[in-house]
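Presented below is the structure to which this report refers.
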There are 2 protein chains.
Amino acid sequence: MLEAPKPKTITTQAMEKIRQLIFDGELAAGSDHLESELADRLGMSRTPVREATLMLAQQGLLEVRPRKGVRISTLSLKDMGEIYSVLTELESLAAEEAASSGYSDEDLKALKQSIEAMETALEREDREAWAHADDAFHDELVRLGGNSRVESIVSMMANQVRRARAMTLYIRPLPLKSNEDHRAVYDAIKEGDSDKARDRHRSHRQHAREVLIDLLKKHKLFHI
Amino acid sequence: MLEAPKPKTITTQAMEKIRQLIFDGELAAGSDHLESELADRLGMSRTPVREATLMLAQQGLLEVRPRKGVRISTLSLKDMGEIYSVLTELESLAAEEAASSGYSDEDLKALKQSIEAMETALEREDREAWAHADDAFHDELVRLGGNSRVESIVSMMANQVRRARAMTLYIRPLPLKSNEDHRAVYDAIKEGDSDKARDRHRSHRQHAREVLIDLLKKHKLFHI
DNA sequence: GGATTTAATTACGTATACGCAATTCAATGT
DNA sequence: ACATTGAATTGCGTATACGTAATTAAATCC
């Protein structure tokens with residue numbers, strides 16, 4: 001699981017900073033920006049900014065529109081549906097693979113801890129903490145799946161829906177039932193039952209997808 | 001399904017040309033190249049070449065190694081397995097979605113034609129034609145799935161394994177059984193049986209994955 | 001007054017310039 | 001011989017320059 005040591009070039013910094021600006025909403029979805037504006041804002045020249053935007057465009061976070069600048073991507077309901085479908089499939093694959101990997105309890109410690117963190121967060125109705133632990137669960141699940149492509153695609157897709165998740169965090173019902181699912185997935189992985197791990201995670205995700213989309217519709221958030 | 005009209009900038013041309021050089025094997029897997037070398041080769045300056053390589057790196061076709069130039073990606077057996085797993089999941093999703101879309105016979109014409117093309121190619125033992133039709137089948141299936149993210153991820157993954165498929169085209173057994181699968185998937189989509197479409201395509205893909213990996217092992221092609 | 005042509009501006013796409021990190025290689029010391 | 005050091009070279013990362021497509025504004029015509 002060794003990754004290449006990351007080069008800390010200015011281009012890389014630009015990518016991370018721009019990504020963060022998008023996640024924080026400082027570059028609002030749908031807004032347009034000049035390369036020179038971003039360069040000024042980040043205190044560097046256009047070159048690394050330009051390179052960063054081209055890479056981020058490949059990841060779907062923004063579009064570079066020739067001669068028109070950079071537009072931060074928006075998400076329609078259809079986009080959300082697409083992304084959640086992909087997440088469902090690939091995370092379910094990860095769950096299946098994790099279950100067939102013969103992990104020890106020790107290997108699964110982080111996964112278990114994230115479930116426990118979700119439970120205590122739910123008891124306290126601490127939505128931020130719950131969201132954080134939920135992220136940790138999904139990240140760890142995918143990591144245990146051991147497929148680096150799945151990891152990077154899932155991370156890309158999760159990045160794209162980050163804003164939407166943040167927006168809905170406080171308007172959605174507390175996911176009281178979801179911990180059952182998490183536990184069931186965890187147990188299936190521990191038992192090595194790959195079909196069960198897969199199916200259980202898949203239905204969990206499909207349900208989450210429906211809840212989210214209904215919620216967005218109900219609040220008329222057709223475009224984020 | 002309208003895509004944004006493609007800008008024909010030099011950077012775009014660089015991307016396409018470099019991609020083609022990789023597919024054609026003129027930039028061999030594992031080989032290193034200077035930005036200036038590629039720039040000379042393509043008759044342009046370093047800037048668009050550099051931008052192109054950064055984007056292609058996001059797609060996994062090559063790596064940009066700071067201060068060391070561009071390295072064309074190689075594929076290990078593990079990589080092949082990873083990619084085929086992703087393809088299996090996402091294509092199966094596409095089959096499922098296609099089946100629940102209520103497509104008419106007319107809508108499914110291209111899919112049917114690709115199956116027929118595979119059958120006639122098999123009778124003639126024309127492997128090139130078969131491979132071409134097989135590509136068409138998978139492309140069309142994914143298109144019918146109607147998920148643009150799935151389309152682009154699948155296309156990325158298919159690009160990554162292109163070399164390996166070309167290498168094995170003449171050493172693998174003729175896929176005589178696979179047309180049954182294709183027909184079954186087609187029928188399931190036509191009938192609107194999404195579970196069947198999904199399951200059938202999934203097992204088809206899983207089988208193909210195993211065959212390919214065994215083949216690579218048998219020929220000691222551990223690294224392509 | 002509204003439409004159309006033309007001039008001016010803007011912002012990008014590409015080329016070029018330049019300095020530094022990384023590598024190479026030779027010279028020196030042991 | 002081998003290791004070590006340091007100079008020379010290489011190749012990239014970033015900045016800057018510049019021409020041109022796209023947009024806006026102005027001017028002209030009907």
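Going by the structure tokens order, chains are called A, B, ..., each with residues numbered from 1, while ligands are numbered from 1 in the order shown.
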
(request) Find the residues in chain D near chain A: any atom within 10 Å counts, using only C-alpha atoms (C1' of nucleotides). Write them as a ChimeraX atom specification. (result) /D:13-16,21-23

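Neighbours of DT20 of chain D closer than or equal to 12 Å, with only C-alpha atoms (C1' of nucleotides) counted and sequence neighbours fewer than 5 positions away skipped, come out as Arg67 of chain A; DT10, DA11, DC12, DG13 and DT14 of chain C.
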
(request) Show which residues sit within 12 Å of Glu180 of chain A, as a PyMOL selection string. Count only C-alpha atoms (C1' of nucleotides), and ignore same-chain residues fewer than 6 positions away. (result) chain A and resi 115-116+118-119+186-187+200-201+203-204

Would you export the selected residues with all heavy atoms as a PDB file, in the first residue's frame, please?
```
ATOM      1  N   ILE A 115     -17.337   2.713  13.189  1.00  0.00           N
ATOM      2  CA  ILE A 115     -18.735   2.385  13.486  1.00  0.00           C
ATOM      3  C   ILE A 115     -19.102   2.847  14.891  1.00  0.00           C
ATOM      4  O   ILE A 115     -20.159   3.460  15.114  1.00  0.00           O
ATOM      5  CB  ILE A 115     -18.977   0.865  13.348  1.00  0.00           C
ATOM      6  CG1 ILE A 115     -18.798   0.438  11.888  1.00  0.00           C
ATOM      7  CG2 ILE A 115     -20.373   0.510  13.828  1.00  0.00           C
ATOM      8  CD1 ILE A 115     -18.887  -1.062  11.677  1.00  0.00           C
ATOM      9  N   GLU A 116     -18.200   2.583  15.820  1.00  0.00           N
ATOM     10  CA  GLU A 116     -18.476   3.008  17.191  1.00  0.00           C
ATOM     11  C   GLU A 116     -18.564   4.521  17.284  1.00  0.00           C
ATOM     12  O   GLU A 116     -19.425   5.067  17.993  1.00  0.00           O
ATOM     13  CB  GLU A 116     -17.392   2.454  18.129  1.00  0.00           C
ATOM     14  CG  GLU A 116     -17.561   0.946  18.336  1.00  0.00           C
ATOM     15  CD  GLU A 116     -16.302   0.279  18.871  1.00  0.00           C
ATOM     16  OE1 GLU A 116     -15.285   0.987  19.063  1.00  0.00           O
ATOM     17  OE2 GLU A 116     -16.341  -0.956  19.083  1.00  0.00           O
ATOM     18  N   MET A 118     -19.578   6.474  14.987  1.00  0.00           N
ATOM     19  CA  MET A 118     -20.879   6.867  14.444  1.00  0.00           C
ATOM     20  C   MET A 118     -21.971   6.685  15.480  1.00  0.00           C
ATOM     21  O   MET A 118     -22.869   7.520  15.612  1.00  0.00           O
ATOM     22  CB  MET A 118     -21.212   6.050  13.192  1.00  0.00           C
ATOM     23  CG  MET A 118     -20.632   6.636  11.920  1.00  0.00           C
ATOM     24  SD  MET A 118     -21.207   5.767  10.441  1.00  0.00           S
ATOM     25  CE  MET A 118     -20.037   4.424  10.354  1.00  0.00           C
ATOM     26  N   GLU A 119     -21.892   5.582  16.214  1.00  0.00           N
ATOM     27  CA  GLU A 119     -22.932   5.313  17.204  1.00  0.00           C
ATOM     28  C   GLU A 119     -22.947   6.352  18.310  1.00  0.00           C
ATOM     29  O   GLU A 119     -24.010   6.883  18.662  1.00  0.00           O
ATOM     30  CB  GLU A 119     -22.734   3.911  17.793  1.00  0.00           C
ATOM     31  CG  GLU A 119     -23.141   2.828  16.793  1.00  0.00           C
ATOM     32  CD  GLU A 119     -22.745   1.418  17.232  1.00  0.00           C
ATOM     33  OE1 GLU A 119     -21.963   1.291  18.200  1.00  0.00           O
ATOM     34  OE2 GLU A 119     -23.196   0.454  16.591  1.00  0.00           O
ATOM     35  N   TYR A 186     -19.731  -4.985   8.530  1.00  0.00           N
ATOM     36  CA  TYR A 186     -18.533  -5.313   9.317  1.00  0.00           C
ATOM     37  C   TYR A 186     -18.502  -6.800   9.679  1.00  0.00           C
ATOM     38  O   TYR A 186     -17.490  -7.481   9.489  1.00  0.00           O
ATOM     39  CB  TYR A 186     -18.499  -4.455  10.595  1.00  0.00           C
ATOM     40  CG  TYR A 186     -17.417  -4.840  11.540  1.00  0.00           C
ATOM     41  CD1 TYR A 186     -16.117  -4.380  11.338  1.00  0.00           C
ATOM     42  CD2 TYR A 186     -17.673  -5.671  12.631  1.00  0.00           C
ATOM     43  CE1 TYR A 186     -15.093  -4.741  12.208  1.00  0.00           C
ATOM     44  CE2 TYR A 186     -16.660  -6.037  13.495  1.00  0.00           C
ATOM     45  CZ  TYR A 186     -15.370  -5.568  13.280  1.00  0.00           C
ATOM     46  OH  TYR A 186     -14.375  -5.943  14.123  1.00  0.00           O
ATOM     47  N   ASP A 187     -19.625  -7.300  10.178  1.00  0.00           N
ATOM     48  CA  ASP A 187     -19.678  -8.714  10.562  1.00  0.00           C
ATOM     49  C   ASP A 187     -19.412  -9.622   9.374  1.00  0.00           C
ATOM     50  O   ASP A 187     -18.680 -10.608   9.470  1.00  0.00           O
ATOM     51  CB  ASP A 187     -21.046  -9.045  11.170  1.00  0.00           C
ATOM     52  CG  ASP A 187     -21.232  -8.403  12.544  1.00  0.00           C
ATOM     53  OD1 ASP A 187     -20.202  -8.026  13.159  1.00  0.00           O
ATOM     54  OD2 ASP A 187     -22.392  -8.262  12.993  1.00  0.00           O
ATOM     55  N   ARG A 200     -25.169  -6.551   1.451  1.00  0.00           N
ATOM     56  CA  ARG A 200     -25.587  -5.681   2.536  1.00  0.00           C
ATOM     57  C   ARG A 200     -25.123  -4.246   2.294  1.00  0.00           C
ATOM     58  O   ARG A 200     -25.865  -3.298   2.489  1.00  0.00           O
ATOM     59  CB  ARG A 200     -24.993  -6.217   3.849  1.00  0.00           C
ATOM     60  CG  ARG A 200     -25.717  -5.773   5.074  1.00  0.00           C
ATOM     61  CD  ARG A 200     -27.160  -6.266   5.069  1.00  0.00           C
ATOM     62  NE  ARG A 200     -27.995  -5.390   5.877  1.00  0.00           N
ATOM     63  CZ  ARG A 200     -28.407  -5.667   7.114  1.00  0.00           C
ATOM     64  NH1 ARG A 200     -28.125  -6.836   7.646  1.00  0.00           N
ATOM     65  NH2 ARG A 200     -29.113  -4.793   7.803  1.00  0.00           N
ATOM     66  N   HIS A 201     -23.899  -4.101   1.850  1.00  0.00           N
ATOM     67  CA  HIS A 201     -23.422  -2.738   1.600  1.00  0.00           C
ATOM     68  C   HIS A 201     -24.160  -2.112   0.435  1.00  0.00           C
ATOM     69  O   HIS A 201     -24.462  -0.920   0.437  1.00  0.00           O
ATOM     70  CB  HIS A 201     -21.922  -2.707   1.345  1.00  0.00           C
ATOM     71  CG  HIS A 201     -21.391  -1.306   1.341  1.00  0.00           C
ATOM     72  ND1 HIS A 201     -21.231  -0.568   2.484  1.00  0.00           N
ATOM     73  CD2 HIS A 201     -21.048  -0.473   0.318  1.00  0.00           C
ATOM     74  CE1 HIS A 201     -20.801   0.645   2.181  1.00  0.00           C
ATOM     75  NE2 HIS A 201     -20.682   0.733   0.878  1.00  0.00           N
ATOM     76  N   SER A 203     -27.249  -2.633  -0.597  1.00  0.00           N
ATOM     77  CA  SER A 203     -28.603  -2.153  -0.272  1.00  0.00           C
ATOM     78  C   SER A 203     -28.515  -0.931   0.643  1.00  0.00           C
ATOM     79  O   SER A 203     -29.319  -0.003   0.538  1.00  0.00           O
ATOM     80  CB  SER A 203     -29.435  -3.271   0.343  1.00  0.00           C
ATOM     81  OG  SER A 203     -28.877  -3.669   1.566  1.00  0.00           O
ATOM     82  N   HIS A 204     -27.520  -0.920   1.487  1.00  0.00           N
ATOM     83  CA  HIS A 204     -27.300   0.248   2.342  1.00  0.00           C
ATOM     84  C   HIS A 204     -27.081   1.504   1.499  1.00  0.00           C
ATOM     85  O   HIS A 204     -27.709   2.547   1.711  1.00  0.00           O
ATOM     86  CB  HIS A 204     -26.073  -0.009   3.227  1.00  0.00           C
ATOM     87  CG  HIS A 204     -25.521   1.200   3.897  1.00  0.00           C
ATOM     88  ND1 HIS A 204     -26.256   1.993   4.739  1.00  0.00           N
ATOM     89  CD2 HIS A 204     -24.284   1.763   3.841  1.00  0.00           C
ATOM     90  CE1 HIS A 204     -25.491   2.994   5.178  1.00  0.00           C
ATOM     91  NE2 HIS A 204     -24.303   2.882   4.635  1.00  0.00           N
TER      92      HIS A 204
END
```

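By only C-alpha atoms (C1' of nucleotides), and with residues fewer than 3 positions from Lys78 of chain A along its chain excluded, the set lying at most 9 Å from it is Leu75, Gly81, Glu82, Ile83 and Phe222 of chain A; Asn147 of chain B.
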
(message) Let me make sure I understand: among A:Ala99, A:Ile22, A:Ala164, A:Met157, which one has the smallest atom-to-atom distance to Glu191 of chain A if we use only C-alpha atoms?
(response) A:Ala99

(message) What parts of segment 78-207 of chain B does DSSP call helix (DSSP H, G or I)? I'd like the answer as a ChimeraX atom specification.
(response) /B:78-99,109-123,127-145,148-168,178-191,194-207

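Interatomic distance, atom C1' of DA21 of chain C against atom CA of Ala14 of chain A: 20.0 Å.
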
Could you work out which residues of chain B fall inside 8 Å of chain A? Count only C-alpha atoms, and format the result as a PDB file with all heavy atoms, in the first residue's frame.
```pdb
ATOM      1  N   PRO B   7     -12.848  21.860 -28.075  1.00  0.00           N
ATOM      2  CA  PRO B   7     -11.872  22.848 -28.527  1.00  0.00           C
ATOM      3  C   PRO B   7     -10.706  22.123 -29.187  1.00  0.00           C
ATOM      4  O   PRO B   7     -10.291  21.081 -28.710  1.00  0.00           O
ATOM      5  CB  PRO B   7     -11.431  23.507 -27.217  1.00  0.00           C
ATOM      6  CG  PRO B   7     -11.632  22.456 -26.178  1.00  0.00           C
ATOM      7  CD  PRO B   7     -12.807  21.645 -26.639  1.00  0.00           C
ATOM      8  N   GLU B  51       1.158  20.236 -20.422  1.00  0.00           N
ATOM      9  CA  GLU B  51      -0.239  20.235 -20.003  1.00  0.00           C
ATOM     10  C   GLU B  51      -0.904  18.904 -20.355  1.00  0.00           C
ATOM     11  O   GLU B  51      -1.669  18.341 -19.559  1.00  0.00           O
ATOM     12  CB  GLU B  51      -0.980  21.399 -20.650  1.00  0.00           C
ATOM     13  CG  GLU B  51      -0.520  22.757 -20.122  1.00  0.00           C
ATOM     14  CD  GLU B  51      -1.154  23.940 -20.833  1.00  0.00           C
ATOM     15  OE1 GLU B  51      -1.870  23.739 -21.834  1.00  0.00           O
ATOM     16  OE2 GLU B  51      -0.922  25.066 -20.385  1.00  0.00           O
ATOM     17  N   LEU B  54       0.209  16.144 -17.989  1.00  0.00           N
ATOM     18  CA  LEU B  54      -0.418  16.244 -16.671  1.00  0.00           C
ATOM     19  C   LEU B  54      -1.840  15.696 -16.701  1.00  0.00           C
ATOM     20  O   LEU B  54      -2.290  15.034 -15.763  1.00  0.00           O
ATOM     21  CB  LEU B  54      -0.412  17.704 -16.206  1.00  0.00           C
ATOM     22  CG  LEU B  54       0.972  18.249 -15.825  1.00  0.00           C
ATOM     23  CD1 LEU B  54       0.925  19.748 -15.585  1.00  0.00           C
ATOM     24  CD2 LEU B  54       1.496  17.530 -14.584  1.00  0.00           C
ATOM     25  N   MET B  55      -2.532  15.950 -17.804  1.00  0.00           N
ATOM     26  CA  MET B  55      -3.901  15.429 -17.896  1.00  0.00           C
ATOM     27  C   MET B  55      -3.904  13.921 -18.106  1.00  0.00           C
ATOM     28  O   MET B  55      -4.703  13.201 -17.490  1.00  0.00           O
ATOM     29  CB  MET B  55      -4.646  16.151 -19.014  1.00  0.00           C
ATOM     30  CG  MET B  55      -4.969  17.599 -18.646  1.00  0.00           C
ATOM     31  SD  MET B  55      -6.092  18.399 -19.808  1.00  0.00           S
ATOM     32  CE  MET B  55      -4.973  18.870 -21.105  1.00  0.00           C
ATOM     33  N   GLN B  58      -3.496  12.046 -14.986  1.00  0.00           N
ATOM     34  CA  GLN B  58      -4.737  11.890 -14.215  1.00  0.00           C
ATOM     35  C   GLN B  58      -5.532  10.687 -14.694  1.00  0.00           C
ATOM     36  O   GLN B  58      -6.307  10.105 -13.953  1.00  0.00           O
ATOM     37  CB  GLN B  58      -5.618  13.137 -14.353  1.00  0.00           C
ATOM     38  CG  GLN B  58      -5.002  14.416 -13.819  1.00  0.00           C
ATOM     39  CD  GLN B  58      -4.895  14.400 -12.315  1.00  0.00           C
ATOM     40  OE1 GLN B  58      -5.846  14.061 -11.635  1.00  0.00           O
ATOM     41  NE2 GLN B  58      -3.728  14.728 -11.787  1.00  0.00           N
ATOM     42  N   GLN B  59      -5.354  10.338 -15.944  1.00  0.00           N
ATOM     43  CA  GLN B  59      -6.096   9.211 -16.514  1.00  0.00           C
ATOM     44  C   GLN B  59      -5.330   7.900 -16.383  1.00  0.00           C
ATOM     45  O   GLN B  59      -5.783   6.869 -16.867  1.00  0.00           O
ATOM     46  CB  GLN B  59      -6.409   9.481 -17.987  1.00  0.00           C
ATOM     47  CG  GLN B  59      -7.202  10.759 -18.187  1.00  0.00           C
ATOM     48  CD  GLN B  59      -7.477  11.049 -19.651  1.00  0.00           C
ATOM     49  OE1 GLN B  59      -7.257  10.228 -20.516  1.00  0.00           O
ATOM     50  NE2 GLN B  59      -7.971  12.251 -19.922  1.00  0.00           N
ATOM     51  N   PRO B  66       8.548  14.215 -11.215  1.00  0.00           N
ATOM     52  CA  PRO B  66       9.237  15.502 -11.139  1.00  0.00           C
ATOM     53  C   PRO B  66      10.746  15.347 -11.340  1.00  0.00           C
ATOM     54  O   PRO B  66      11.377  14.508 -10.704  1.00  0.00           O
ATOM     55  CB  PRO B  66       8.905  15.986  -9.721  1.00  0.00           C
ATOM     56  CG  PRO B  66       7.574  15.394  -9.445  1.00  0.00           C
ATOM     57  CD  PRO B  66       7.570  14.063 -10.134  1.00  0.00           C
ATOM     58  N   GLU B  82      -7.349  -5.342 -11.066  1.00  0.00           N
ATOM     59  CA  GLU B  82      -8.082  -4.189 -10.548  1.00  0.00           C
ATOM     60  C   GLU B  82      -8.975  -3.583 -11.617  1.00  0.00           C
ATOM     61  O   GLU B  82     -10.146  -3.284 -11.391  1.00  0.00           O
ATOM     62  CB  GLU B  82      -7.102  -3.114 -10.059  1.00  0.00           C
ATOM     63  CG  GLU B  82      -6.395  -3.453  -8.767  1.00  0.00           C
ATOM     64  CD  GLU B  82      -5.678  -2.247  -8.173  1.00  0.00           C
ATOM     65  OE1 GLU B  82      -5.874  -1.114  -8.679  1.00  0.00           O
ATOM     66  OE2 GLU B  82      -4.940  -2.430  -7.206  1.00  0.00           O
ATOM     67  N   ILE B  83      -8.382  -3.381 -12.778  1.00  0.00           N
ATOM     68  CA  ILE B  83      -9.117  -2.705 -13.842  1.00  0.00           C
ATOM     69  C   ILE B  83     -10.309  -3.542 -14.292  1.00  0.00           C
ATOM     70  O   ILE B  83     -11.425  -3.026 -14.460  1.00  0.00           O
ATOM     71  CB  ILE B  83      -8.169  -2.408 -15.019  1.00  0.00           C
ATOM     72  CG1 ILE B  83      -7.162  -1.341 -14.590  1.00  0.00           C
ATOM     73  CG2 ILE B  83      -8.948  -1.956 -16.241  1.00  0.00           C
ATOM     74  CD1 ILE B  83      -6.022  -1.152 -15.554  1.00  0.00           C
ATOM     75  N   VAL B  86     -13.158  -3.270 -11.864  1.00  0.00           N
ATOM     76  CA  VAL B  86     -13.924  -2.036 -12.016  1.00  0.00           C
ATOM     77  C   VAL B  86     -14.815  -2.120 -13.250  1.00  0.00           C
ATOM     78  O   VAL B  86     -15.997  -1.755 -13.214  1.00  0.00           O
ATOM     79  CB  VAL B  86     -12.980  -0.814 -12.103  1.00  0.00           C
ATOM     80  CG1 VAL B  86     -13.758   0.441 -12.467  1.00  0.00           C
ATOM     81  CG2 VAL B  86     -12.240  -0.622 -10.785  1.00  0.00           C
ATOM     82  N   GLU B  89     -17.917  -4.276 -12.561  1.00  0.00           N
ATOM     83  CA  GLU B  89     -18.962  -3.631 -11.766  1.00  0.00           C
ATOM     84  C   GLU B  89     -19.706  -2.574 -12.559  1.00  0.00           C
ATOM     85  O   GLU B  89     -20.934  -2.531 -12.564  1.00  0.00           O
ATOM     86  CB  GLU B  89     -18.344  -2.970 -10.526  1.00  0.00           C
ATOM     87  CG  GLU B  89     -17.679  -3.933  -9.577  1.00  0.00           C
ATOM     88  CD  GLU B  89     -18.580  -5.086  -9.174  1.00  0.00           C
ATOM     89  OE1 GLU B  89     -19.776  -4.854  -8.896  1.00  0.00           O
ATOM     90  OE2 GLU B  89     -18.091  -6.234  -9.146  1.00  0.00           O
ATOM     91  N   LEU B  90     -18.953  -1.723 -13.233  1.00  0.00           N
ATOM     92  CA  LEU B  90     -19.614  -0.578 -13.856  1.00  0.00           C
ATOM     93  C   LEU B  90     -20.374  -0.968 -15.114  1.00  0.00           C
ATOM     94  O   LEU B  90     -21.439  -0.420 -15.407  1.00  0.00           O
ATOM     95  CB  LEU B  90     -18.597   0.531 -14.138  1.00  0.00           C
ATOM     96  CG  LEU B  90     -17.946   1.111 -12.876  1.00  0.00           C
ATOM     97  CD1 LEU B  90     -17.091   2.328 -13.219  1.00  0.00           C
ATOM     98  CD2 LEU B  90     -18.996   1.490 -11.837  1.00  0.00           C
ATOM     99  N   LEU B  93     -23.584  -2.500 -13.936  1.00  0.00           N
ATOM    100  CA  LEU B  93     -24.513  -1.423 -13.600  1.00  0.00           C
ATOM    101  C   LEU B  93     -25.158  -0.872 -14.862  1.00  0.00           C
ATOM    102  O   LEU B  93     -26.378  -0.651 -14.912  1.00  0.00           O
ATOM    103  CB  LEU B  93     -23.763  -0.311 -12.857  1.00  0.00           C
ATOM    104  CG  LEU B  93     -24.521   1.003 -12.666  1.00  0.00           C
ATOM    105  CD1 LEU B  93     -25.739   0.800 -11.783  1.00  0.00           C
ATOM    106  CD2 LEU B  93     -23.611   2.073 -12.068  1.00  0.00           C
ATOM    107  N   ASN B 147     -25.231   6.597 -17.852  1.00  0.00           N
ATOM    108  CA  ASN B 147     -24.520   7.249 -16.751  1.00  0.00           C
ATOM    109  C   ASN B 147     -23.190   7.758 -17.298  1.00  0.00           C
ATOM    110  O   ASN B 147     -22.284   6.985 -17.584  1.00  0.00           O
ATOM    111  CB  ASN B 147     -24.316   6.261 -15.614  1.00  0.00           C
ATOM    112  CG  ASN B 147     -23.630   6.872 -14.403  1.00  0.00           C
ATOM    113  OD1 ASN B 147     -22.706   7.669 -14.559  1.00  0.00           O
ATOM    114  ND2 ASN B 147     -24.071   6.505 -13.212  1.00  0.00           N
ATOM    115  N   SER B 148     -23.077   9.084 -17.403  1.00  0.00           N
ATOM    116  CA  SER B 148     -21.914   9.641 -18.088  1.00  0.00           C
ATOM    117  C   SER B 148     -20.616   9.393 -17.318  1.00  0.00           C
ATOM    118  O   SER B 148     -19.554   9.250 -17.908  1.00  0.00           O
ATOM    119  CB  SER B 148     -22.097  11.130 -18.346  1.00  0.00           C
ATOM    120  OG  SER B 148     -22.140  11.825 -17.114  1.00  0.00           O
ATOM    121  N   ARG B 149     -20.733   9.326 -15.984  1.00  0.00           N
ATOM    122  CA  ARG B 149     -19.528   8.987 -15.206  1.00  0.00           C
ATOM    123  C   ARG B 149     -19.064   7.569 -15.506  1.00  0.00           C
ATOM    124  O   ARG B 149     -17.875   7.304 -15.629  1.00  0.00           O
ATOM    125  CB  ARG B 149     -19.804   9.101 -13.716  1.00  0.00           C
ATOM    126  CG  ARG B 149     -19.465  10.446 -13.125  1.00  0.00           C
ATOM    127  CD  ARG B 149     -20.638  11.315 -13.080  1.00  0.00           C
ATOM    128  NE  ARG B 149     -20.333  12.646 -12.577  1.00  0.00           N
ATOM    129  CZ  ARG B 149     -21.134  13.677 -12.810  1.00  0.00           C
ATOM    130  NH1 ARG B 149     -22.217  13.536 -13.548  1.00  0.00           N
ATOM    131  NH2 ARG B 149     -20.822  14.864 -12.330  1.00  0.00           N
ATOM    132  N   VAL B 150     -20.004   6.669 -15.563  1.00  0.00           N
ATOM    133  CA  VAL B 150     -19.656   5.297 -15.893  1.00  0.00           C
ATOM    134  C   VAL B 150     -18.990   5.263 -17.265  1.00  0.00           C
ATOM    135  O   VAL B 150     -17.959   4.606 -17.456  1.00  0.00           O
ATOM    136  CB  VAL B 150     -20.898   4.386 -15.875  1.00  0.00           C
ATOM    137  CG1 VAL B 150     -20.590   3.031 -16.498  1.00  0.00           C
ATOM    138  CG2 VAL B 150     -21.400   4.214 -14.453  1.00  0.00           C
TER     139      VAL B 150
END
```

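Using only C-alpha atoms (C1' of nucleotides), the protein and nucleic acid residues lying no more than 8 Å from segment 5-9 of chain C, apart from those fewer than 2 places from it along its own chain, are DT24, DA25, DA26, DA27 and DT28 of chain D.
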
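Here the DSSP assignment of strand (DSSP E or B), based on backbone atoms, applies within segment 15-134 of chain A to Asp32, His33, Leu62, Glu63, Val64, Arg65, Gly69, Val70, Arg71, Ile72 and Ser76 of chain A.
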
(message) Need to verify the contact set: Ile213 of chain A, 8 Å, only C-alpha atoms (C1' of nucleotides), exclusion of same-chain residues closer than 2 positions in sequence. Can you return it as a VMD selection string?
(response) chain A and resid 77 80 to 81 209 to 211 215 to 217
